[in-house]
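**Q** A single structure is presented below for examination.
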Amino acid sequence: MSLDRRKFLGRSVVTGAGVALSGAAGVPAAQAVAARGPGRHGHRRERYAFTVMGTTDLHGSVFNWDYATDAEFDDAAHNDVGLAKISTLVDGVRREKGRRNTLLIDAGDTIQGTQLAYYYAKVDPITGPNGPVHPMARAMNAIGYDAAALGNHEFNYGIPVLRKFEESCDFPLLGANAVDAKSLRPAFRPYVLKRLRSPRGREVTVAVLGLTNPGIAIWDKAHVQGKLAFPGLVEQAAKWVPKLRSMGADVVFVAAHSGMSGTSSYGDQLPYVENAAALVAEQVPGIDAILVGHAHVEVPERRVVNKESGREVVLSEPLKWGQRLTLFDVVVEWRRGRWEVGSVGSRVLNSNAVAEDARITGLLRAEHRKVVAYVNRVIGRSKAEMTAAEAAVKDTPVLDFIAFVQAEVVRKALAGSAHASLPVLSQASCFSRTAKVPEGDVTIRSMAALYPFDNTLEARVLTGAQVREYLEFSARYYVQTAAGGGPVDPSKVTNAEGTPDYNYDVVSGVSYEIDIAKPAGRRIGKLMFDGKPLDDAARFVLAVNNYRASGGGNFPHVAAAEQVWSTSDEIRNVIIGWVQESGQIDPAQFAAVDWKLTRDGVPVF
């Protein structure tokens, strides 16, 4: 497929300096001007204050609604979610600062995550002959975004869906390090220049450079291989920031879909760092602030000193799903015939402090109702309730169910093939500890809660020795806990070194113990297959999601293993199809305690 670059060079590289918008005529001076002090010759130095607002990892959230529970969103901290809440916060900031003294940007992961986003990518796709406008585009256009960086999840539904979304946006999608695989020229706009105007009439040029995540090359290989490449953030920032300065940028912002930790979930599979935002700040001079995304953590303000310039760069990451709005407050000063940045600070606002903007909820009420009706469709019945509440520490039927369905589908797919005789193992992760399948009627939203990610299913061949190493790697998830003593608190034994739940796998089809009294790498014991110790030389087919199979989480062996089958259908839909065909979920068909946590051989729970 040849990429539709939408006449990019004509629209962005050549005319990038003319993409700007607003002046600030009519804005109350008290909102736009900071204190003025005497200059070198006794003149009063002009200062101008403006605010750049930022969101990230919206993941298809418009309403303060949880489609999995069919109720208003709530969590232990009573956070709220959605663009309708963000809109109210944005309006408040614009009233306070003066609309023309503000910009609004996003750091990516916009069109995947909720059933609202899924519905308009797959059920009533925006790419259809008379396809609707994506709800996220409609909401963000109405709120008045100025730019958004590309996130890795923007590519989950393929390039055509992303391009259609891009066409619907009244603002540019930025990705300086998303390049054509052959020409290595930008496939999306790298940057946008916005012009603000001080009360004295002087223009302030604010550049926003967009950077996305190199891991897209691994995680969405099926969609981007041979079409797009994703070089490193540091390298591309070093290329573009000097260009932006030479084009007259007075202030340089980066919207980076990349966390701050300096780590990568894909190990050495790529030469580029996944979470590189702090490295960009440290190594690339000329950047004033970075809106950070991808990591799903809240960082109101972090200051990183650039090694070359010695200047501080301010980084901020607002919490995911529209739970927070970052405010970068910038003051520039007119010195020696040009604007210089005097100060930058950042903070976050909590969206649970405001009501939803009725303008946004009204705009998309019909779409919301369609999705609610869709997810509440009954597709079968369950003979018992299954919950994921303890799935991170105990072998529970709910993960057994996912693994069972995956293995069944793979066995059927391999029937009659050269690999039909190999035993099938199956991998599953605890994506949500609040997910449950109710007793009685089972709906689409039950399955959506059980499997919230849009992963697809693959089959890879591993040896017994590789399965053992895979399990050892997974068992790093547990905190080393001394034997003896009192009972273990389940809330304190998981997520060692920040490992998220979705990067801990259980494997069905074998039985084993995980001794958490031992150091990581030496925890798997009594690993059995078919009642006998696992043969390291034996060969198995592993039913595995495409995120893991493509290197997500950096699990050993699986990314390089032979692929013997795959499907483009999401695992969630595979499960839904199985329930519809079977009509009933009976835990007696698949539930078994095949793994457990121990301390020196003594069960923990």
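Each chain of the structure tokens is named A, B, ... in the order shown, its residues numbered from 1; ligands are numbered from 1 in display order.
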Contacts between range 113-130 of chain A and range 140-186 of chain A, please, where a residue of range 140-186 of chain A counts if it comes within 8 Å (with only C-alpha atoms); show its shortest atom pair and distance in Å to one decimal, rows by chain and ascending number, as CSV.

**A**
residue,atom,partner,partner_atom,distance
A:Tyr157,CA,A:Ala121,CA,6.9
A:Pro160,CA,A:Thr127,CA,7.2
A:Val161,CA,A:Thr127,CA,6.1
A:Lys164,CA,A:Thr127,CA,6.4
A:Phe165,CA,A:Ile126,CA,7.7

**Q** Once you have the residues from the selection above, write them out as a PDB file, in the first residue's frame, restricted to N, CA and C atoms.

**A**
ATOM      1  N   TYR A 157      -5.425   0.045  14.445  1.00  0.00           N
ATOM      2  CA  TYR A 157      -6.469  -0.333  13.488  1.00  0.00           C
ATOM      3  C   TYR A 157      -6.006  -0.212  12.039  1.00  0.00           C
ATOM      4  N   PRO A 160      -5.139   3.029   7.139  1.00  0.00           N
ATOM      5  CA  PRO A 160      -6.326   3.694   6.589  1.00  0.00           C
ATOM      6  C   PRO A 160      -7.219   4.333   7.643  1.00  0.00           C
ATOM      7  N   VAL A 161      -7.428   3.665   8.776  1.00  0.00           N
ATOM      8  CA  VAL A 161      -8.244   4.251   9.846  1.00  0.00           C
ATOM      9  C   VAL A 161      -7.569   5.507  10.391  1.00  0.00           C
ATOM     10  N   LYS A 164      -7.938   8.347   7.929  1.00  0.00           N
ATOM     11  CA  LYS A 164      -9.300   8.871   7.922  1.00  0.00           C
ATOM     12  C   LYS A 164      -9.533   9.743   9.147  1.00  0.00           C
ATOM     13  N   PHE A 165      -9.021   9.313  10.287  1.00  0.00           N
ATOM     14  CA  PHE A 165      -9.110  10.137  11.492  1.00  0.00           C
ATOM     15  C   PHE A 165      -8.379  11.462  11.279  1.00  0.00           C
TER      16      PHE A 165
END

**Q** To test your reading of the structure, identify every residue in range 369-559 of chain A that backbone DSSP assigns to strand (DSSP E), and report it as a ChimeraX atom specification.

**A** /A:378-382,386-387,424-429,436-437,440-443,456-463,505-508,511-515,524-529,532-533,539-545

**Q** Near range 174-186 of chain A, counting only C-alpha atoms, which residues have an atom at most 9 Å away, once you skip same-chain residues fewer than 6 positions from it, shown as a PDB file with all heavy atoms, in the first residue's frame?

**A**
ATOM      1  N   LEU A   3       1.564   5.085   0.792  1.00  0.00           N
ATOM      2  CA  LEU A   3       1.041   5.991   1.811  1.00  0.00           C
ATOM      3  C   LEU A   3       0.506   7.269   1.181  1.00  0.00           C
ATOM      4  O   LEU A   3       1.149   7.874   0.331  1.00  0.00           O
ATOM      5  CB  LEU A   3       2.143   6.359   2.809  1.00  0.00           C
ATOM      6  CG  LEU A   3       2.540   5.233   3.742  1.00  0.00           C
ATOM      7  CD1 LEU A   3       3.712   5.679   4.582  1.00  0.00           C
ATOM      8  CD2 LEU A   3       1.382   4.833   4.615  1.00  0.00           C
ATOM      9  N   ARG A   5       0.423  10.695   1.616  1.00  0.00           N
ATOM     10  CA  ARG A   5       1.126  11.660   2.459  1.00  0.00           C
ATOM     11  C   ARG A   5       0.460  13.021   2.419  1.00  0.00           C
ATOM     12  O   ARG A   5       0.938  13.995   2.976  1.00  0.00           O
ATOM     13  CB  ARG A   5       2.588  11.752   2.025  1.00  0.00           C
ATOM     14  CG  ARG A   5       3.305  10.425   2.225  1.00  0.00           C
ATOM     15  CD  ARG A   5       4.746  10.460   1.800  1.00  0.00           C
ATOM     16  NE  ARG A   5       5.467  11.477   2.525  1.00  0.00           N
ATOM     17  CZ  ARG A   5       6.292  12.325   1.917  1.00  0.00           C
ATOM     18  NH1 ARG A   5       6.461  12.275   0.629  1.00  0.00           N
ATOM     19  NH2 ARG A   5       6.932  13.223   2.623  1.00  0.00           N
ATOM     20  N   PHE A   8       2.138  16.372   1.951  1.00  0.00           N
ATOM     21  CA  PHE A   8       2.755  16.841   3.195  1.00  0.00           C
ATOM     22  C   PHE A   8       3.780  17.944   2.977  1.00  0.00           C
ATOM     23  O   PHE A   8       3.780  18.948   3.669  1.00  0.00           O
ATOM     24  CB  PHE A   8       3.432  15.664   3.913  1.00  0.00           C
ATOM     25  CG  PHE A   8       4.361  16.117   4.983  1.00  0.00           C
ATOM     26  CD1 PHE A   8       3.862  16.611   6.159  1.00  0.00           C
ATOM     27  CD2 PHE A   8       5.731  16.097   4.788  1.00  0.00           C
ATOM     28  CE1 PHE A   8       4.716  17.060   7.141  1.00  0.00           C
ATOM     29  CE2 PHE A   8       6.577  16.555   5.757  1.00  0.00           C
ATOM     30  CZ  PHE A   8       6.064  17.030   6.935  1.00  0.00           C
ATOM     31  N   LEU A   9       4.662  17.759   2.005  1.00  0.00           N
ATOM     32  CA  LEU A   9       5.733  18.735   1.838  1.00  0.00           C
ATOM     33  C   LEU A   9       5.175  20.115   1.533  1.00  0.00           C
ATOM     34  O   LEU A   9       5.665  21.128   2.022  1.00  0.00           O
ATOM     35  CB  LEU A   9       6.694  18.277   0.739  1.00  0.00           C
ATOM     36  CG  LEU A   9       7.494  17.015   1.084  1.00  0.00           C
ATOM     37  CD1 LEU A   9       8.348  16.613  -0.100  1.00  0.00           C
ATOM     38  CD2 LEU A   9       8.364  17.259   2.297  1.00  0.00           C
ATOM     39  N   ALA A 147      -2.962  20.959  18.190  1.00  0.00           N
ATOM     40  CA  ALA A 147      -2.095  19.920  17.634  1.00  0.00           C
ATOM     41  C   ALA A 147      -2.159  18.697  18.532  1.00  0.00           C
ATOM     42  O   ALA A 147      -2.475  18.800  19.726  1.00  0.00           O
ATOM     43  CB  ALA A 147      -0.646  20.404  17.516  1.00  0.00           C
ATOM     44  N   ALA A 148      -1.833  17.542  17.951  1.00  0.00           N
ATOM     45  CA  ALA A 148      -1.749  16.307  18.731  1.00  0.00           C
ATOM     46  C   ALA A 148      -0.646  15.440  18.157  1.00  0.00           C
ATOM     47  O   ALA A 148      -0.529  15.295  16.937  1.00  0.00           O
ATOM     48  CB  ALA A 148      -3.076  15.544  18.707  1.00  0.00           C
ATOM     49  N   ALA A 149       0.168  14.879  19.032  1.00  0.00           N
ATOM     50  CA  ALA A 149       1.182  13.922  18.600  1.00  0.00           C
ATOM     51  C   ALA A 149       0.533  12.572  18.342  1.00  0.00           C
ATOM     52  O   ALA A 149      -0.531  12.249  18.875  1.00  0.00           O
ATOM     53  CB  ALA A 149       2.270  13.785  19.658  1.00  0.00           C
ATOM     54  N   LEU A 150       1.176  11.780  17.515  1.00  0.00           N
ATOM     55  CA  LEU A 150       0.733  10.415  17.278  1.00  0.00           C
ATOM     56  C   LEU A 150       1.164   9.519  18.435  1.00  0.00           C
ATOM     57  O   LEU A 150       2.315   9.566  18.873  1.00  0.00           O
ATOM     58  CB  LEU A 150       1.353   9.874  15.987  1.00  0.00           C
ATOM     59  CG  LEU A 150       0.924  10.529  14.682  1.00  0.00           C
ATOM     60  CD1 LEU A 150       1.893  10.134  13.570  1.00  0.00           C
ATOM     61  CD2 LEU A 150      -0.495  10.127  14.323  1.00  0.00           C
ATOM     62  N   GLY A 151       0.246   8.690  18.920  1.00  0.00           N
ATOM     63  CA  GLY A 151       0.608   7.670  19.891  1.00  0.00           C
ATOM     64  C   GLY A 151       0.771   6.323  19.207  1.00  0.00           C
ATOM     65  O   GLY A 151       0.363   6.150  18.056  1.00  0.00           O
ATOM     66  N   VAL A 192       4.186  22.060  14.093  1.00  0.00           N
ATOM     67  CA  VAL A 192       3.319  23.174  13.723  1.00  0.00           C
ATOM     68  C   VAL A 192       3.846  24.415  14.421  1.00  0.00           C
ATOM     69  O   VAL A 192       4.413  24.326  15.527  1.00  0.00           O
ATOM     70  CB  VAL A 192       1.843  22.896  14.096  1.00  0.00           C
ATOM     71  CG1 VAL A 192       1.641  22.842  15.602  1.00  0.00           C
ATOM     72  CG2 VAL A 192       0.910  23.941  13.475  1.00  0.00           C
ATOM     73  N   VAL A 208       5.519  23.545  18.082  1.00  0.00           N
ATOM     74  CA  VAL A 208       5.173  22.273  18.722  1.00  0.00           C
ATOM     75  C   VAL A 208       5.693  21.160  17.817  1.00  0.00           C
ATOM     76  O   VAL A 208       5.243  21.002  16.678  1.00  0.00           O
ATOM     77  CB  VAL A 208       3.656  22.121  18.933  1.00  0.00           C
ATOM     78  CG1 VAL A 208       3.361  20.789  19.630  1.00  0.00           C
ATOM     79  CG2 VAL A 208       3.094  23.291  19.727  1.00  0.00           C
ATOM     80  N   LEU A 209       6.652  20.405  18.316  1.00  0.00           N
ATOM     81  CA  LEU A 209       7.232  19.276  17.603  1.00  0.00           C
ATOM     82  C   LEU A 209       6.605  17.993  18.139  1.00  0.00           C
ATOM     83  O   LEU A 209       6.556  17.785  19.353  1.00  0.00           O
ATOM     84  CB  LEU A 209       8.744  19.235  17.810  1.00  0.00           C
ATOM     85  CG  LEU A 209       9.510  18.073  17.179  1.00  0.00           C
ATOM     86  CD1 LEU A 209       9.504  18.182  15.653  1.00  0.00           C
ATOM     87  CD2 LEU A 209      10.947  18.009  17.709  1.00  0.00           C
ATOM     88  N   GLY A 210       6.104  17.147  17.249  1.00  0.00           N
ATOM     89  CA  GLY A 210       5.495  15.893  17.678  1.00  0.00           C
ATOM     90  C   GLY A 210       6.432  14.718  17.498  1.00  0.00           C
ATOM     91  O   GLY A 210       7.063  14.564  16.445  1.00  0.00           O
ATOM     92  N   LEU A 211       6.541  13.887  18.523  1.00  0.00           N
ATOM     93  CA  LEU A 211       7.365  12.679  18.467  1.00  0.00           C
ATOM     94  C   LEU A 211       6.543  11.499  18.968  1.00  0.00           C
ATOM     95  O   LEU A 211       5.827  11.607  19.960  1.00  0.00           O
ATOM     96  CB  LEU A 211       8.619  12.831  19.332  1.00  0.00           C
ATOM     97  CG  LEU A 211       9.608  13.930  18.915  1.00  0.00           C
ATOM     98  CD1 LEU A 211      10.668  14.120  19.985  1.00  0.00           C
ATOM     99  CD2 LEU A 211      10.264  13.587  17.581  1.00  0.00           C
ATOM    100  N   THR A 212       6.661  10.371  18.273  1.00  0.00           N
ATOM    101  CA  THR A 212       5.916   9.189  18.670  1.00  0.00           C
ATOM    102  C   THR A 212       6.865   8.074  19.089  1.00  0.00           C
ATOM    103  O   THR A 212       8.077   8.288  19.192  1.00  0.00           O
ATOM    104  CB  THR A 212       4.966   8.746  17.553  1.00  0.00           C
ATOM    105  OG1 THR A 212       4.042   7.773  18.065  1.00  0.00           O
ATOM    106  CG2 THR A 212       5.728   8.177  16.358  1.00  0.00           C
ATOM    107  N   ASN A 213       6.321   6.881  19.309  1.00  0.00           N
ATOM    108  CA  ASN A 213       7.109   5.836  19.955  1.00  0.00           C
ATOM    109  C   ASN A 213       7.712   4.853  18.953  1.00  0.00           C
ATOM    110  O   ASN A 213       7.001   4.280  18.126  1.00  0.00           O
ATOM    111  CB  ASN A 213       6.239   5.067  20.948  1.00  0.00           C
ATOM    112  CG  ASN A 213       7.076   4.476  22.055  1.00  0.00           C
ATOM    113  OD1 ASN A 213       7.792   3.521  21.824  1.00  0.00           O
ATOM    114  ND2 ASN A 213       7.013   5.063  23.224  1.00  0.00           N
ATOM    115  N   PRO A 214       9.016   4.614  19.028  1.00  0.00           N
ATOM    116  CA  PRO A 214       9.655   3.649  18.115  1.00  0.00           C
ATOM    117  C   PRO A 214       9.090   2.239  18.219  1.00  0.00           C
ATOM    118  O   PRO A 214       9.188   1.459  17.271  1.00  0.00           O
ATOM    119  CB  PRO A 214      11.126   3.684  18.550  1.00  0.00           C
ATOM    120  CG  PRO A 214      11.307   5.000  19.218  1.00  0.00           C
ATOM    121  CD  PRO A 214      10.004   5.283  19.900  1.00  0.00           C
ATOM    122  N   VAL A 224       2.535  -1.708   9.772  1.00  0.00           N
ATOM    123  CA  VAL A 224       3.498  -0.692   9.340  1.00  0.00           C
ATOM    124  C   VAL A 224       4.730  -1.236   8.639  1.00  0.00           C
ATOM    125  O   VAL A 224       5.463  -0.459   8.007  1.00  0.00           O
ATOM    126  CB  VAL A 224       3.943   0.178  10.542  1.00  0.00           C
ATOM    127  CG1 VAL A 224       2.741   0.828  11.216  1.00  0.00           C
ATOM    128  CG2 VAL A 224       4.763  -0.629  11.554  1.00  0.00           C
ATOM    129  N   GLN A 225       4.980  -2.539   8.717  1.00  0.00           N
ATOM    130  CA  GLN A 225       6.213  -3.072   8.131  1.00  0.00           C
ATOM    131  C   GLN A 225       6.269  -2.786   6.636  1.00  0.00           C
ATOM    132  O   GLN A 225       5.331  -3.047   5.886  1.00  0.00           O
ATOM    133  CB  GLN A 225       6.319  -4.573   8.371  1.00  0.00           C
ATOM    134  CG  GLN A 225       7.661  -5.160   7.943  1.00  0.00           C
ATOM    135  CD  GLN A 225       7.790  -6.621   8.315  1.00  0.00           C
ATOM    136  OE1 GLN A 225       6.808  -7.360   8.323  1.00  0.00           O
ATOM    137  NE2 GLN A 225       9.000  -7.055   8.643  1.00  0.00           N
ATOM    138  N   GLY A 226       7.384  -2.229   6.204  1.00  0.00           N
ATOM    139  CA  GLY A 226       7.570  -1.897   4.806  1.00  0.00           C
ATOM    140  C   GLY A 226       6.912  -0.602   4.379  1.00  0.00           C
ATOM    141  O   GLY A 226       7.097  -0.150   3.242  1.00  0.00           O
ATOM    142  N   LYS A 227       6.156   0.011   5.263  1.00  0.00           N
ATOM    143  CA  LYS A 227       5.440   1.249   4.940  1.00  0.00           C
ATOM    144  C   LYS A 227       5.967   2.437   5.745  1.00  0.00           C
ATOM    145  O   LYS A 227       6.198   3.507   5.194  1.00  0.00           O
ATOM    146  CB  LYS A 227       3.948   1.068   5.211  1.00  0.00           C
ATOM    147  CG  LYS A 227       3.315  -0.057   4.398  1.00  0.00           C
ATOM    148  CD  LYS A 227       1.920  -0.393   4.900  1.00  0.00           C
ATOM    149  CE  LYS A 227       1.355  -1.604   4.175  1.00  0.00           C
ATOM    150  NZ  LYS A 227       0.082  -2.062   4.751  1.00  0.00           N
ATOM    151  N   LEU A 228       6.139   2.213   7.034  1.00  0.00           N
ATOM    152  CA  LEU A 228       6.599   3.285   7.911  1.00  0.00           C
ATOM    153  C   LEU A 228       7.772   2.804   8.747  1.00  0.00           C
ATOM    154  O   LEU A 228       7.886   1.618   9.073  1.00  0.00           O
ATOM    155  CB  LEU A 228       5.476   3.746   8.856  1.00  0.00           C
ATOM    156  CG  LEU A 228       4.256   4.410   8.237  1.00  0.00           C
ATOM    157  CD1 LEU A 228       3.202   4.669   9.303  1.00  0.00           C
ATOM    158  CD2 LEU A 228       4.634   5.713   7.556  1.00  0.00           C
ATOM    159  N   ALA A 229       8.634   3.730   9.109  1.00  0.00           N
ATOM    160  CA  ALA A 229       9.724   3.469  10.050  1.00  0.00           C
ATOM    161  C   ALA A 229       9.648   4.507  11.158  1.00  0.00           C
ATOM    162  O   ALA A 229       9.087   5.599  10.979  1.00  0.00           O
ATOM    163  CB  ALA A 229      11.072   3.531   9.344  1.00  0.00           C
ATOM    164  N   PHE A 230      10.241   4.174  12.311  1.00  0.00           N
ATOM    165  CA  PHE A 230      10.116   5.028  13.485  1.00  0.00           C
ATOM    166  C   PHE A 230      11.474   5.185  14.170  1.00  0.00           C
ATOM    167  O   PHE A 230      11.779   4.487  15.130  1.00  0.00           O
ATOM    168  CB  PHE A 230       9.085   4.434  14.455  1.00  0.00           C
ATOM    169  CG  PHE A 230       7.729   4.279  13.833  1.00  0.00           C
ATOM    170  CD1 PHE A 230       7.383   3.106  13.150  1.00  0.00           C
ATOM    171  CD2 PHE A 230       6.806   5.301  13.879  1.00  0.00           C
ATOM    172  CE1 PHE A 230       6.145   2.963  12.552  1.00  0.00           C
ATOM    173  CE2 PHE A 230       5.558   5.181  13.282  1.00  0.00           C
ATOM    174  CZ  PHE A 230       5.232   4.008  12.612  1.00  0.00           C
ATOM    175  N   PRO A 231      12.296   6.099  13.670  1.00  0.00           N
ATOM    176  CA  PRO A 231      13.597   6.337  14.306  1.00  0.00           C
ATOM    177  C   PRO A 231      13.436   6.940  15.696  1.00  0.00           C
ATOM    178  O   PRO A 231      12.338   7.314  16.119  1.00  0.00           O
ATOM    179  CB  PRO A 231      14.291   7.298  13.337  1.00  0.00           C
ATOM    180  CG  PRO A 231      13.199   7.916  12.540  1.00  0.00           C
ATOM    181  CD  PRO A 231      12.100   6.907  12.461  1.00  0.00           C
ATOM    182  N   GLY A 232      14.555   7.054  16.415  1.00  0.00           N
ATOM    183  CA  GLY A 232      14.528   7.447  17.812  1.00  0.00           C
ATOM    184  C   GLY A 232      14.128   8.887  18.047  1.00  0.00           C
ATOM    185  O   GLY A 232      14.325   9.767  17.207  1.00  0.00           O
ATOM    186  N   LEU A 233      13.583   9.133  19.238  1.00  0.00           N
ATOM    187  CA  LEU A 233      13.122  10.474  19.589  1.00  0.00           C
ATOM    188  C   LEU A 233      14.276  11.448  19.728  1.00  0.00           C
ATOM    189  O   LEU A 233      14.187  12.594  19.267  1.00  0.00           O
ATOM    190  CB  LEU A 233      12.319  10.443  20.898  1.00  0.00           C
ATOM    191  CG  LEU A 233      10.890   9.920  20.820  1.00  0.00           C
ATOM    192  CD1 LEU A 233      10.853   8.404  20.922  1.00  0.00           C
ATOM    193  CD2 LEU A 233      10.015  10.519  21.913  1.00  0.00           C
ATOM    194  N   GLU A 235      17.256  11.356  18.352  1.00  0.00           N
ATOM    195  CA  GLU A 235      17.848  11.636  17.054  1.00  0.00           C
ATOM    196  C   GLU A 235      16.987  12.601  16.238  1.00  0.00           C
ATOM    197  O   GLU A 235      17.495  13.533  15.598  1.00  0.00           O
ATOM    198  CB  GLU A 235      18.032  10.322  16.277  1.00  0.00           C
ATOM    199  CG  GLU A 235      19.027   9.364  16.914  1.00  0.00           C
ATOM    200  CD  GLU A 235      18.427   8.499  18.015  1.00  0.00           C
ATOM    201  OE1 GLU A 235      17.249   8.717  18.412  1.00  0.00           O
ATOM    202  OE2 GLU A 235      19.136   7.607  18.500  1.00  0.00           O
ATOM    203  N   GLN A 236      15.689  12.394  16.256  1.00  0.00           N
ATOM    204  CA  GLN A 236      14.809  13.238  15.457  1.00  0.00           C
ATOM    205  C   GLN A 236      14.618  14.617  16.080  1.00  0.00           C
ATOM    206  O   GLN A 236      14.517  15.622  15.374  1.00  0.00           O
ATOM    207  CB  GLN A 236      13.464  12.546  15.253  1.00  0.00           C
ATOM    208  CG  GLN A 236      13.559  11.322  14.368  1.00  0.00           C
ATOM    209  CD  GLN A 236      14.069  11.648  12.972  1.00  0.00           C
ATOM    210  OE1 GLN A 236      13.433  12.406  12.236  1.00  0.00           O
ATOM    211  NE2 GLN A 236      15.213  11.087  12.602  1.00  0.00           N
ATOM    212  N   ALA A 237      14.587  14.685  17.396  1.00  0.00           N
ATOM    213  CA  ALA A 237      14.510  15.995  18.043  1.00  0.00           C
ATOM    214  C   ALA A 237      15.757  16.812  17.725  1.00  0.00           C
ATOM    215  O   ALA A 237      15.676  18.024  17.461  1.00  0.00           O
ATOM    216  CB  ALA A 237      14.352  15.830  19.549  1.00  0.00           C
ATOM    217  N   TRP A 240      15.247  18.279  14.262  1.00  0.00           N
ATOM    218  CA  TRP A 240      14.190  19.249  14.011  1.00  0.00           C
ATOM    219  C   TRP A 240      14.251  20.499  14.868  1.00  0.00           C
ATOM    220  O   TRP A 240      13.865  21.591  14.423  1.00  0.00           O
ATOM    221  CB  TRP A 240      12.820  18.582  14.166  1.00  0.00           C
ATOM    222  CG  TRP A 240      12.487  17.693  13.018  1.00  0.00           C
ATOM    223  CD1 TRP A 240      12.573  16.332  12.967  1.00  0.00           C
ATOM    224  CD2 TRP A 240      12.034  18.097  11.722  1.00  0.00           C
ATOM    225  NE1 TRP A 240      12.214  15.854  11.737  1.00  0.00           N
ATOM    226  CE2 TRP A 240      11.867  16.929  10.943  1.00  0.00           C
ATOM    227  CE3 TRP A 240      11.761  19.340  11.149  1.00  0.00           C
ATOM    228  CZ2 TRP A 240      11.429  16.963   9.625  1.00  0.00           C
ATOM    229  CZ3 TRP A 240      11.319  19.376   9.830  1.00  0.00           C
ATOM    230  CH2 TRP A 240      11.165  18.210   9.079  1.00  0.00           C
ATOM    231  N   ALA A 255       5.650  17.566  22.026  1.00  0.00           N
ATOM    232  CA  ALA A 255       4.619  16.630  22.479  1.00  0.00           C
ATOM    233  C   ALA A 255       5.149  15.241  22.154  1.00  0.00           C
ATOM    234  O   ALA A 255       5.253  14.867  20.987  1.00  0.00           O
ATOM    235  CB  ALA A 255       3.300  16.889  21.768  1.00  0.00           C
ATOM    236  N   ALA A 256       5.528  14.496  23.191  1.00  0.00           N
ATOM    237  CA  ALA A 256       6.248  13.228  23.002  1.00  0.00           C
ATOM    238  C   ALA A 256       5.452  12.072  23.569  1.00  0.00           C
ATOM    239  O   ALA A 256       5.193  12.013  24.777  1.00  0.00           O
ATOM    240  CB  ALA A 256       7.618  13.296  23.677  1.00  0.00           C
TER     241      ALA A 256
END

**Q** Counting only C-alpha atoms, what is within 12 Å of Leu597 in chain A, bar same-chain residues fewer than 2 positions away, as a PyMOL selection string?

**A** chain A and resi 391-395+475+477-481+483+488+490+493-494+506+511-518+523-526+593-595+599-605

**Q** Can you pull out the residues contacting Gly144 in chain A? Cut-off 10 Å, using only C-alpha atoms, and skip same-chain residues under 5 positions away; I want them as a list in words.

**A**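 Result of the neighbour search: Ser87, Val90, Leu103, Leu104, Ile105, Arg138, Ala139, Asp170 and Phe171 of chain A.
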
**Q** Using only C-alpha atoms, which of A:Arg163, A:Arg324, A:Arg381, A:Arg460 sits nearest Ser582 in chain A?

**A** A:Arg381

**Q** Just list the residues in range 200-239 of chain A DSSP gives helix (DSSP H, G or I) on the backbone, as a list in words.

**A** Ile216, Ala217, Ile218, Trp219, Lys221, Ala222, His223, Val224, Leu233, Val234, Glu235, Gln236, Ala237, Ala238 and Lys239 of chain A

**Q** How far is it from CA of Asn156 in chain A to CA of Ala71 in chain A, in Å with one decimal?

**A** 26.5 Å

**Q** How many Å separate CA of Pro397 in chain A from CA of Val442 in chain A?

**A**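 These two atoms are separated by 15.5 Å.
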
**Q** Check the smallest atom-to-atom distance from each of A:Val354, A:Val331, A:Phe540, A:Tyr470 to Gly509 in chain A using only C-alpha atoms, then report the winner.

**A**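 With only C-alpha atoms as the atom set, the closest residue is A:Phe540.
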